[in-house]
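Have a look at final-v4.tsv below; it lists TSV, C-alpha atoms and all ligand atoms.
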```tsv
chain	number	residue	atom	x	y	z
A	1121	MET	CA	-46.91	-12.26	14.56
A	1122	MET	CA	-48.15	-13.32	11.16
A	1123	SER	CA	-50.86	-15.75	10.25
A	1124	GLN	CA	-50.06	-18.51	7.80
A	1125	GLN	CA	-52.44	-17.85	4.92
A	1126	ALA	CA	-51.01	-15.59	2.23
A	1127	ILE	CA	-53.03	-13.61	-0.29
A	1128	GLU	CA	-51.31	-14.02	-3.62
A	1129	LEU	CA	-51.02	-10.84	-5.66
A	1130	PRO	CA	-51.50	-10.87	-9.44
A	1131	ALA	CA	-48.20	-11.08	-11.34
A	1132	PRO	CA	-46.84	-7.55	-11.84
A	1133	SER	CA	-46.81	-5.97	-15.26
A	1134	ARG	CA	-43.34	-5.15	-16.60
A	1135	SER	CA	-44.42	-2.76	-19.34
A	1136	SER	CA	-47.00	-0.06	-19.95
A	1137	SER	CA	-47.95	2.64	-22.42
A	1138	VAL	CA	-46.84	5.41	-20.01
A	1139	SER	CA	-43.20	6.44	-20.34
A	1140	LEU	CA	-40.87	7.05	-17.40
A	1141	GLU	CA	-40.55	10.65	-18.64
A	1142	GLU	CA	-44.32	11.13	-18.45
A	1143	THR	CA	-44.46	9.85	-14.87
A	1144	LEU	CA	-41.61	12.20	-13.91
A	1145	ALA	CA	-43.33	15.16	-15.56
A	1146	GLN	CA	-46.74	14.38	-14.02
A	1147	ARG	CA	-45.87	13.30	-10.46
A	1148	ARG	CA	-47.23	15.78	-7.95
A	1149	SER	CA	-48.16	15.29	-4.31
A	1150	VAL	CA	-51.87	14.43	-4.19
A	1151	ARG	CA	-53.60	15.00	-0.86
A	1152	SER	CA	-57.28	14.56	-1.72
A	1153	PHE	CA	-58.68	11.28	-3.01
A	1154	SER	CA	-62.02	9.99	-4.25
A	1155	ASP	CA	-63.39	6.86	-2.56
A	1156	THR	CA	-62.73	4.71	-5.63
A	1157	PRO	CA	-61.28	1.43	-4.34
A	1158	LEU	CA	-57.83	0.26	-5.40
A	1159	THR	CA	-57.74	-3.15	-7.07
A	1160	LEU	CA	-55.60	-6.04	-5.88
A	1161	ALA	CA	-53.66	-5.78	-9.15
A	1162	GLU	CA	-52.91	-2.09	-8.50
A	1163	ILE	CA	-51.83	-2.80	-4.92
A	1164	GLY	CA	-49.57	-5.60	-6.17
A	1165	GLN	CA	-48.09	-3.42	-8.91
A	1166	LEU	CA	-47.31	-0.60	-6.44
A	1167	LEU	CA	-45.67	-3.05	-4.01
A	1168	TRP	CA	-43.64	-4.62	-6.79
A	1169	ALA	CA	-42.44	-1.17	-7.89
A	1170	ALA	CA	-41.33	-0.39	-4.33
A	1171	GLN	CA	-39.73	-3.69	-3.23
A	1172	GLY	CA	-40.64	-6.44	-5.68
A	1173	ILE	CA	-38.25	-9.10	-6.87
A	1174	SER	CA	-37.02	-8.20	-10.35
A	1175	GLU	CA	-34.32	-10.89	-10.61
A	1176	PRO	CA	-35.58	-14.06	-8.92
A	1177	ARG	CA	-32.38	-16.04	-9.44
A	1178	ARG	CA	-30.46	-13.74	-7.09
A	1179	GLY	CA	-33.46	-12.34	-5.21
A	1180	LEU	CA	-32.66	-8.80	-6.29
A	1181	ARG	CA	-35.34	-6.12	-6.11
A	1182	THR	CA	-36.67	-3.15	-8.09
A	1183	ALA	CA	-34.99	-0.67	-5.69
A	1184	PRO	CA	-31.26	-0.76	-4.88
A	1185	SER	CA	-30.14	-1.80	-1.40
A	1186	ALA	CA	-26.75	-1.29	0.30
A	1187	GLY	CA	-25.00	-4.64	0.03
A	1188	ALA	CA	-28.40	-6.19	-0.83
A	1189	THR	CA	-29.16	-6.24	2.91
A	1190	TYR	CA	-32.83	-5.29	2.28
A	1191	PRO	CA	-33.77	-3.55	5.54
A	1192	LEU	CA	-37.20	-2.36	4.35
A	1193	GLU	CA	-40.60	-3.86	5.13
A	1194	ILE	CA	-43.89	-2.64	3.67
A	1195	ASP	CA	-47.24	-2.87	5.40
A	1196	VAL	CA	-50.44	-1.98	3.57
A	1197	VAL	CA	-53.27	-0.35	5.47
A	1198	ILE	CA	-56.27	-1.24	3.36
A	1199	GLY	CA	-59.52	0.67	3.76
A	1200	ILE	CA	-61.40	0.09	0.52
A	1201	ALA	CA	-60.05	-2.24	-2.15
A	1202	GLU	CA	-61.44	-4.75	-4.62
A	1203	GLY	CA	-60.61	-8.36	-3.87
A	1204	ILE	CA	-59.21	-7.90	-0.36
A	1205	ALA	CA	-60.79	-7.04	2.98
A	1206	ALA	CA	-59.91	-3.97	5.03
A	1207	GLY	CA	-57.03	-4.52	7.43
A	1208	VAL	CA	-53.26	-4.34	7.81
A	1209	TYR	CA	-51.14	-6.64	5.65
A	1210	ARG	CA	-47.40	-7.24	5.25
A	1211	TYR	CA	-45.85	-7.57	1.79
A	1212	THR	CA	-43.68	-10.64	1.28
A	1213	PRO	CA	-41.58	-9.90	-1.84
A	1214	GLY	CA	-40.35	-13.48	-2.29
A	1215	GLU	CA	-43.85	-14.80	-2.84
A	1216	HIS	CA	-45.33	-11.51	-4.11
A	1217	ALA	CA	-48.10	-11.90	-1.57
A	1218	LEU	CA	-49.75	-10.16	1.36
A	1219	ARG	CA	-50.01	-11.69	4.80
A	1220	PRO	CA	-52.65	-10.39	7.19
A	1221	LEU	CA	-51.46	-9.62	10.69
A	1222	ASP	CA	-52.79	-12.02	13.29
A	1223	GLN	CA	-54.06	-9.52	15.80
A	1224	GLU	CA	-57.80	-9.34	15.46
A	1225	ARG	CA	-57.91	-5.59	15.85
A	1226	LEU	CA	-55.72	-5.20	12.78
A	1227	GLN	CA	-58.16	-7.07	10.55
A	1228	ASP	CA	-60.44	-4.08	10.26
A	1229	ASP	CA	-60.23	-0.62	8.69
A	1230	GLN	CA	-57.31	1.02	10.52
A	1231	ARG	CA	-57.21	4.21	8.45
A	1232	HIS	CA	-58.69	6.37	11.16
A	1233	ALA	CA	-56.18	5.11	13.75
A	1234	LEU	CA	-53.33	5.61	11.28
A	1235	ALA	CA	-54.50	9.14	10.50
A	1236	GLN	CA	-54.57	9.96	14.22
A	1237	ALA	CA	-50.99	8.69	14.48
A	1238	GLY	CA	-50.16	10.76	11.39
A	1239	LEU	CA	-51.01	14.11	12.99
A	1240	ASN	CA	-54.50	13.89	11.49
A	1241	GLN	CA	-53.22	14.64	7.98
A	1242	SER	CA	-56.19	14.48	5.61
A	1243	PRO	CA	-54.69	12.19	2.90
A	1244	LEU	CA	-54.46	9.44	5.53
A	1245	HIS	CA	-58.22	9.74	6.04
A	1246	SER	CA	-59.28	9.99	2.40
A	1247	ALA	CA	-56.96	7.56	0.58
A	1248	PRO	CA	-58.44	4.08	0.10
A	1249	VAL	CA	-55.04	2.52	0.84
A	1250	THR	CA	-51.85	3.67	2.59
A	1251	PHE	CA	-48.46	1.99	2.17
A	1252	ALA	CA	-46.22	2.16	5.24
A	1253	ILE	CA	-42.50	1.61	4.74
A	1254	SER	CA	-40.53	0.62	7.84
A	1255	ALA	CA	-36.93	-0.45	8.34
A	1256	VAL	CA	-35.06	-3.05	10.33
A	1257	HIS	CA	-31.80	-1.10	10.69
A	1258	ALA	CA	-30.01	-4.10	12.23
A	1259	ARG	CA	-29.98	-5.91	8.88
A	1260	THR	CA	-27.88	-3.18	7.29
A	1261	ALA	CA	-25.94	-2.30	10.48
A	1262	ALA	CA	-24.70	-5.91	10.71
A	1263	ARG	CA	-22.59	-5.17	7.65
A	1264	TYR	CA	-22.12	-1.39	7.65
A	1265	GLY	CA	-22.20	-0.35	11.33
A	1266	ASP	CA	-22.96	3.34	11.89
A	1267	ARG	CA	-23.30	4.05	8.17
A	1268	ALA	CA	-26.46	1.95	8.14
A	1269	THR	CA	-28.58	4.91	9.29
A	1270	ARG	CA	-27.80	6.93	6.19
A	1271	TYR	CA	-27.98	3.89	3.91
A	1272	VAL	CA	-31.46	3.00	5.17
A	1273	ASP	CA	-32.62	6.61	4.75
A	1274	MET	CA	-31.36	6.61	1.17
A	1275	GLU	CA	-32.98	3.29	0.46
A	1276	VAL	CA	-36.46	4.27	1.64
A	1277	GLY	CA	-36.26	7.21	-0.78
A	1278	HIS	CA	-35.59	4.84	-3.67
A	1279	ALA	CA	-38.52	2.61	-2.76
A	1280	ALA	CA	-40.89	5.54	-2.19
A	1281	GLN	CA	-39.96	7.18	-5.48
A	1282	ASN	CA	-40.52	3.93	-7.36
A	1283	LEU	CA	-43.96	3.62	-5.75
A	1284	SER	CA	-44.81	7.29	-6.46
A	1285	LEU	CA	-43.93	7.01	-10.15
A	1286	GLN	CA	-45.74	3.69	-10.48
A	1287	ALA	CA	-48.85	5.37	-9.02
A	1288	VAL	CA	-48.72	7.98	-11.78
A	1289	ALA	CA	-48.32	5.29	-14.44
A	1290	LEU	CA	-51.49	3.63	-13.08
A	1291	GLY	CA	-53.43	6.92	-13.21
A	1292	LEU	CA	-53.32	7.21	-9.41
A	1293	GLY	CA	-51.95	9.86	-7.06
A	1294	SER	CA	-49.90	9.70	-3.87
A	1295	VAL	CA	-48.04	11.78	-1.30
A	1296	VAL	CA	-45.07	10.77	0.82
A	1297	ILE	CA	-45.62	11.53	4.51
A	1298	GLY	CA	-42.75	11.79	6.95
A	1299	ALA	CA	-44.52	13.72	9.72
A	1300	PHE	CA	-46.11	11.33	12.20
A	1301	ASN	CA	-45.80	9.97	15.71
A	1302	ASP	CA	-43.37	7.03	15.39
A	1303	ARG	CA	-44.59	5.18	18.45
A	1304	GLU	CA	-48.26	5.49	17.53
A	1305	VAL	CA	-47.71	4.47	13.90
A	1306	ALA	CA	-45.68	1.45	15.07
A	1307	SER	CA	-48.57	0.49	17.34
A	1308	VAL	CA	-51.22	0.82	14.59
A	1309	LEU	CA	-49.08	-1.31	12.25
A	1310	GLY	CA	-48.26	-3.85	14.96
A	1311	LEU	CA	-44.51	-3.45	14.30
A	1312	SER	CA	-42.00	-5.49	16.30
A	1313	SER	CA	-39.39	-3.77	18.47
A	1314	GLY	CA	-36.61	-3.69	15.83
A	1315	GLU	CA	-38.83	-2.15	13.16
A	1316	SER	CA	-39.04	1.65	12.70
A	1317	PRO	CA	-41.66	3.36	10.53
A	1318	LEU	CA	-40.12	5.79	8.00
A	1319	TYR	CA	-42.72	6.77	5.40
A	1320	LEU	CA	-46.49	6.64	5.00
A	1321	ILE	CA	-47.71	6.82	1.40
A	1322	PRO	CA	-51.46	7.22	0.87
A	1323	VAL	CA	-52.50	6.26	-2.68
A	1324	GLY	CA	-55.78	6.65	-4.52
A	1325	THR	CA	-57.62	8.25	-7.40
A	1326	PRO	CA	-57.04	12.00	-7.27
A	1327	ARG	CA	-60.21	13.90	-6.50
B	1	LIG	C1	-39.00	13.55	3.50
B	1	LIG	C2	-40.33	14.12	3.09
B	1	LIG	C3	-41.35	14.22	4.02
B	1	LIG	C4	-42.60	14.71	3.64
B	1	LIG	N1	-43.61	14.73	4.56
B	1	LIG	C5	-44.83	15.18	4.20
B	1	LIG	C6	-45.90	15.17	5.13
B	1	LIG	O1	-45.75	14.77	6.28
B	1	LIG	N2	-47.12	15.61	4.71
B	1	LIG	C7	-47.34	16.03	3.43
B	1	LIG	O2	-48.48	16.41	3.12
B	1	LIG	N3	-46.34	16.06	2.51
B	1	LIG	C8	-45.10	15.63	2.86
B	1	LIG	N4	-44.08	15.61	1.93
B	1	LIG	C9	-44.36	16.03	0.54
B	1	LIG	C10	-43.83	17.44	0.23
B	1	LIG	O3	-44.58	18.40	0.93
B	1	LIG	C11	-43.91	17.68	-1.29
B	1	LIG	O4	-43.13	16.72	-1.95
B	1	LIG	C12	-43.44	19.08	-1.67
B	1	LIG	O5	-44.37	20.05	-1.22
B	1	LIG	C13	-43.24	19.24	-3.18
B	1	LIG	O6	-44.44	18.99	-3.89
B	1	LIG	P1	-44.54	17.82	-4.98
B	1	LIG	O7	-44.36	16.50	-4.26
B	1	LIG	O8	-45.92	17.95	-5.55
B	1	LIG	O9	-43.49	18.01	-5.98
B	1	LIG	C14	-42.82	15.13	2.30
B	1	LIG	C15	-41.79	15.04	1.37
B	1	LIG	C16	-40.56	14.52	1.74
B	1	LIG	C17	-39.47	14.39	0.70
```

Using structure tokens, write down the structure that the file contains.
Amino acid sequence: MMSQQAIELPAPSRSSSVSLEETLAQRRSVRSFSDTPLTLAEIGQLLWAAQGISEPRRGLRTAPSAGATYPLEIDVVIGIAEGIAAGVYRYTPGEHALRPLDQERLQDDQRHALAQAGLNQSPLHSAPVTFAISAVHARTAARYGDRATRYVDMEVGHAAQNLSLQAVALGLGSVVIGAFNDREVASVLGLSSGESPLYLIPVGTPR
């Protein structure tokens, strides 16, 4: 269940002084972060890199999607950030906005609960913000049947890589986390029954 009020994200930047080659050369898994908050602009830029709309006329996104079925959803577990309170928010690509989840318990710092669900991995504790990518397989299965499983797995890799490289371009670090308890992560994020968590990506200033 979502509440109505959306938090608009600043318009994403479409250029920077950091080359793609530099982000490729510099990307490394970062597992220890300082407590420097992320800004709303950084959060918006990272979300746009992962799943933002790059061609509004046709609603196409920064990452490819099998048959443009767009099975991915991104929730942001915010601990410390400038311009937005701690809590769990869902990215809505069409409006480039964040919507807070309704449940009261999710409008608080959920990083500790997420870290518990993530086998207590330290980056989940220390990162100011963690991006959680989940999938609604049914969207892709409606068109591709059994092949949807592999298509969705491929697609989350595209989105995660975009986000990881964008983090480097912003002077931030990240790590992609696949080891966690699915049921517990789904509960922390307040996912609905058709949504499966695939990746957790803590992001912050490398310590
Ligand atoms: C599918 C997948 C799952 C991963 N899961 C975890 C994880 O649960 N915890 C973690 O610390 N790193 C995880 N990693 C990151 C890898 O450990 C890391 O990419 C690898 O050691 C290579 O280091 P690099 O990313 O710095 O190049 C995962 C990577 C992939 C591709």

Return as a PyMOL selection string the residues of protein, DNA or RNA that approach ligand LIG 1 (chain B) to within 6 Å, with all atoms listed in the file taken into account. chain A and resi 1148-1149+1295-1299

Write out as JSON, numbers by chain each polymer residue whose atoms come within 12 Å of A:Gln1230, counting all atoms listed in the file; drop sequence neighbours fewer than 2 positions from it. {"A": [1195, 1196, 1197, 1198, 1199, 1200, 1205, 1206, 1207, 1208, 1209, 1224, 1225, 1226, 1227, 1228, 1232, 1233, 1234, 1235, 1236, 1237, 1244, 1245, 1247, 1248, 1249, 1250, 1305, 1307, 1308, 1309, 1310]}

Show me, as a PyMOL selection string, the residues that have an atom within 10 Å of A:Ala1261 when counting all atoms listed in the file, minus same-chain residues fewer than 5 positions from it. chain A and resi 1189+1191+1256+1266-1269+1271-1272

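Between atom CA of A:Trp1168 and atom CA of A:Ala1280 the separation is 11.5 Å.
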
Which residue, A:Ile1321, A:Leu1311, A:Ala1126, A:Leu1285, has the smallest gap to A:Ala1169 when you use only C-alpha atoms? A:Leu1285

Restricting the calculation to only C-alpha atoms, which member of A:Leu1129, A:Val1138, A:Val1276, A:Val1323 is positioned closest to A:Gly1214? A:Leu1129

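The smallest atom-to-atom distance between A:Glu1141 and any of A:Ala1188, A:Ile1204, A:Val1288, A:Gln1165, using only C-alpha atoms, is found for A:Val1288.
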
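Taking atom CA of A:Ala1183 and atom CA of A:Phe1251 as endpoints, the distance between them is 15.8 Å.
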
Compile the contact shell of A:Ser1254 as a list in words: residues with an atom at most 9 Å away, counting all atoms listed in the file, same-chain residues fewer than 6 positions apart removed. Pro1191, Leu1192, Glu1193, Ile1194, Asp1195, Val1276, Ala1306, Leu1311, Glu1315, Ser1316, Pro1317, Leu1318, Tyr1319 and Leu1320 of chain A

Could you check the closest approach to A:Ala1201 for each of A:Ile1253, A:Ala1131, A:Leu1158, A:Leu1218 and tell me which residue wins, using all atoms listed in the file? A:Leu1158

Nearest residue to A:Gln1171 from the set A:Ile1127, A:Ala1217, A:Leu1292, A:Ala1279 (distances using only C-alpha atoms): A:Ala1279

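Counting all atoms listed in the file and comparing A:Gly1187, A:Pro1243, A:Leu1283, A:Gly1203, the residue that lies closest to A:Gly1172 is A:Leu1283.
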
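Separating atom CA of A:Arg1270 from atom CA of A:Tyr1190 is a distance of 13.8 Å.
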